[in-house]
Amino acid sequence: MLNVPPQAFPAPGSQQRVAAGGRTKVPLKPGRSLMDWIRLTKSGKDLTGLKGRLIEVTEDELAKHNKKEDCWICIRGLVYNVTPYMEYHPGGEDELMKAAGTDGTDLFDQVRTTGSE
Ligand code: HEM
């Protein structure tokens, strides 16, 4: 017998596996893979909307950016404009929106500890 594990394809954790093992990864639209995202981040487009500047963000300001078309999330004290990432998020848009305009550190950490291996 060859020592080939059953169900080795798609690989565990592959985007082709959906919700395997109680996970809640969503199928991404064509053109929204991790490779597409990396390409976009290297394209020179202004993804933060701030042309590379860093600004101080108050909680009031953060709270205003709570829509899919304008979504900021704070994680460990840094605020990220996740608007362009929305369709690329492997956990889905709805999941990301749970933290829209707020400090998403706790939600983020819950996924990190219960989600991936
Ligand atoms: C900048 C912020 C974030 C980034 C860059 C990000 C990125 C990712 C990545 C790369 C994965 C795939 C993980 C894997 O393959 O194991 C993922 C999965 C996921 N994310 Fe996020 N995420 C962010 C914020 C959040 C937040 C705030 C939440 C919750 C409100 C969330 C919920 C999830 C969920 C539920 C999954 C699926 C986990 C699973 O079932 O394996 N994410 N995210």
# chains A, B, ... in the order shown; residues from 1 in each chain; ligands from 1

call {"tool": "select_by_dssp", "arguments": {"residues": "region 38-68 of chain A", "states": "alpha helix (DSSP H)", "output": "PyMOL selection string"}}
result
chain A and resi 38-41+59-64

call {"tool": "write_last_selection", "arguments": {"atoms": "N, CA and C atoms", "output": "PDB file, in the first residue's frame"}}
result
ATOM      1  N   ILE A  38      -2.432  40.364  -3.337  1.00  0.00           N
ATOM      2  CA  ILE A  38      -1.010  40.743  -3.295  1.00  0.00           C
ATOM      3  C   ILE A  38      -0.668  41.614  -4.501  1.00  0.00           C
ATOM      4  N   ARG A  39      -1.215  41.237  -5.651  1.00  0.00           N
ATOM      5  CA  ARG A  39      -0.977  42.042  -6.865  1.00  0.00           C
ATOM      6  C   ARG A  39      -1.503  43.461  -6.653  1.00  0.00           C
ATOM      7  N   LEU A  40      -2.701  43.561  -6.082  1.00  0.00           N
ATOM      8  CA  LEU A  40      -3.304  44.886  -5.857  1.00  0.00           C
ATOM      9  C   LEU A  40      -2.462  45.716  -4.890  1.00  0.00           C
ATOM     10  N   THR A  41      -1.940  45.044  -3.834  1.00  0.00           N
ATOM     11  CA  THR A  41      -1.151  45.809  -2.854  1.00  0.00           C
ATOM     12  C   THR A  41       0.158  46.315  -3.463  1.00  0.00           C
ATOM     13  N   GLU A  59     -11.780  57.815  18.325  1.00  0.00           N
ATOM     14  CA  GLU A  59     -12.851  56.814  18.295  1.00  0.00           C
ATOM     15  C   GLU A  59     -14.058  57.327  17.516  1.00  0.00           C
ATOM     16  N   ASP A  60     -14.336  58.630  17.645  1.00  0.00           N
ATOM     17  CA  ASP A  60     -15.462  59.207  16.915  1.00  0.00           C
ATOM     18  C   ASP A  60     -15.244  59.115  15.411  1.00  0.00           C
ATOM     19  N   GLU A  61     -14.015  59.404  14.993  1.00  0.00           N
ATOM     20  CA  GLU A  61     -13.697  59.335  13.561  1.00  0.00           C
ATOM     21  C   GLU A  61     -13.799  57.890  13.078  1.00  0.00           C
ATOM     22  N   LEU A  62     -13.234  56.971  13.861  1.00  0.00           N
ATOM     23  CA  LEU A  62     -13.276  55.546  13.511  1.00  0.00           C
ATOM     24  C   LEU A  62     -14.715  55.082  13.296  1.00  0.00           C
ATOM     25  N   ALA A  63     -15.588  55.505  14.207  1.00  0.00           N
ATOM     26  CA  ALA A  63     -16.987  55.057  14.181  1.00  0.00           C
ATOM     27  C   ALA A  63     -17.720  55.495  12.916  1.00  0.00           C
ATOM     28  N   LYS A  64     -17.223  56.567  12.281  1.00  0.00           N
ATOM     29  CA  LYS A  64     -17.892  57.049  11.061  1.00  0.00           C
ATOM     30  C   LYS A  64     -17.651  56.115   9.882  1.00  0.00           C
TER      31      LYS A  64
END

call {"tool": "residues_around", "arguments": {"residues": "Glu87 (chain A)", "least_positions_apart": "5", "cutoff": "10 Å", "atoms": "only C-alpha atoms", "output": "list in words"}}
result
Leu28, Lys29, Gly31, Arg32, Ser33, Trp37, Lys68, Val82, Gly92, Glu93 and Leu96 of chain A

call {"tool": "write_last_selection", "arguments": {"atoms": "C-alpha atoms", "output": "PDB file, in the first residue's frame"}}
result
ATOM      1  CA  LEU A  28     -14.221  34.287  -2.925  1.00  0.00           C
ATOM      2  CA  LYS A  29     -15.310  35.758  -6.268  1.00  0.00           C
ATOM      3  CA  GLY A  31     -10.248  37.685  -9.233  1.00  0.00           C
ATOM      4  CA  ARG A  32     -10.341  37.960  -5.428  1.00  0.00           C
ATOM      5  CA  SER A  33      -7.766  35.345  -4.432  1.00  0.00           C
ATOM      6  CA  TRP A  37      -4.807  40.821  -3.359  1.00  0.00           C
ATOM      7  CA  LYS A  68     -18.908  48.365   3.354  1.00  0.00           C
ATOM      8  CA  VAL A  82     -10.169  47.500   5.078  1.00  0.00           C
ATOM      9  CA  GLY A  92     -16.273  36.958   4.236  1.00  0.00           C
ATOM     10  CA  GLU A  93     -17.593  40.507   4.113  1.00  0.00           C
ATOM     11  CA  LEU A  96     -15.329  41.746   8.600  1.00  0.00           C
TER      12      LEU A  96
END

call {"tool": "residues_near_ligand", "arguments": {"ligand": "ligand 1", "cutoff": "7 Å", "atoms": "only C-alpha atoms and all ligand atoms", "output": "list in words"}}
result
Gly13, Ala19, Gly22, Arg23, Thr24, Lys25, Ile73, Tyr80, Val82, His89, Pro90, Gly91, Gly92, Glu95, Leu96, Met97, Lys98, Ala99, Gly104, Thr105, Leu107, Phe108, Val111, Gly115 and Ser116 of chain A

call {"tool": "write_last_selection", "arguments": {"atoms": "C-alpha atoms", "output": "JSON list (two decimals), in the first residue's frame"}}
result
[["chain", "number", "residue", "atom", "x", "y", "z"],
["A", 13, "GLY", "CA", -6.71, 24.88, 4.45],
["A", 19, "ALA", "CA", -16.21, 25.26, 5.95],
["A", 22, "GLY", "CA", -16.21, 23.80, 11.29],
["A", 23, "ARG", "CA", -14.37, 26.65, 9.64],
["A", 24, "THR", "CA", -16.22, 29.53, 8.13],
["A", 25, "LYS", "CA", -14.12, 30.52, 5.18],
["A", 73, "ILE", "CA", -11.12, 48.64, 11.76],
["A", 80, "TYR", "CA", -6.77, 49.86, 9.02],
["A", 82, "VAL", "CA", -10.17, 47.50, 5.08],
["A", 89, "HIS", "CA", -11.33, 38.57, 3.13],
["A", 90, "PRO", "CA", -11.37, 34.75, 3.42],
["A", 91, "GLY", "CA", -13.80, 34.99, 6.34],
["A", 92, "GLY", "CA", -16.27, 36.96, 4.24],
["A", 95, "GLU", "CA", -17.60, 38.77, 9.26],
["A", 96, "LEU", "CA", -15.33, 41.75, 8.60],
["A", 97, "MET", "CA", -18.31, 44.11, 8.94],
["A", 98, "LYS", "CA", -18.89, 42.88, 12.52],
["A", 99, "ALA", "CA", -15.85, 44.98, 13.46],
["A", 104, "GLY", "CA", -11.88, 44.58, 16.29],
["A", 105, "THR", "CA", -8.94, 43.22, 18.30],
["A", 107, "LEU", "CA", -13.01, 39.47, 17.43],
["A", 108, "PHE", "CA", -9.82, 39.15, 15.42],
["A", 111, "VAL", "CA", -10.72, 33.87, 14.99],
["A", 115, "GLY", "CA", -9.96, 29.37, 13.35],
["A", 116, "SER", "CA", -6.61, 28.33, 11.94]]

call {"tool": "closest_residue", "arguments": {"among": "A:Leu2, A:Leu78, A:Asp36, A:Asp103", "to": "Glu56 (chain A)", "atoms": "only C-alpha atoms"}}
result
A:Leu78

call {"tool": "closest_residue", "arguments": {"among": "A:Ser43, A:Thr48, A:Ser14, A:Gln110", "to": "Cys71 (chain A)", "atoms": "only C-alpha atoms"}}
result
A:Thr48

call {"tool": "atom_distance", "arguments": {"atom1": "CA of Glu69 (chain A)", "atom2": "CA of Asp109 (chain A)"}}
result
24.2 Å

call {"tool": "residues_around", "arguments": {"residues": "Gly49 (chain A)", "least_positions_apart": "5", "cutoff": "10 Å", "atoms": "only C-alpha atoms", "output": "PyMOL selection string"}}
result
chain A and resi 81+83-84

call {"tool": "write_last_selection", "arguments": {"atoms": "N, CA and C atoms", "output": "PDB file, in the first residue's frame"}}
result
ATOM      1  N   ASN A  81      -7.746  50.735   6.992  1.00  0.00           N
ATOM      2  CA  ASN A  81      -8.825  50.925   6.037  1.00  0.00           C
ATOM      3  C   ASN A  81      -8.994  49.596   5.281  1.00  0.00           C
ATOM      4  N   THR A  83     -11.562  48.715   3.483  1.00  0.00           N
ATOM      5  CA  THR A  83     -12.526  48.804   2.376  1.00  0.00           C
ATOM      6  C   THR A  83     -12.067  48.034   1.134  1.00  0.00           C
ATOM      7  N   PRO A  84     -10.837  48.248   0.681  1.00  0.00           N
ATOM      8  CA  PRO A  84     -10.433  47.533  -0.541  1.00  0.00           C
ATOM      9  C   PRO A  84     -10.276  46.026  -0.312  1.00  0.00           C
TER      10      PRO A  84
END

call {"tool": "atom_distance", "arguments": {"atom1": "CA of Met86 (chain A)", "atom2": "CA of Ala100 (chain A)"}}
result
10.8 Å

call {"tool": "select_by_dssp", "arguments": {"residues": "chain A", "states": "strand (DSSP E or B)", "output": "count of residues only"}}
result
13

call {"tool": "closest_residue", "arguments": {"among": "A:Pro10, A:Gly101, A:Pro5, A:Pro30", "to": "Asn66 (chain A)", "atoms": "only C-alpha atoms"}}
result
A:Gly101

call {"tool": "atom_distance", "arguments": {"atom1": "CA of Gly77 (chain A)", "atom2": "CA of Lys51 (chain A)"}}
result
20.1 Å
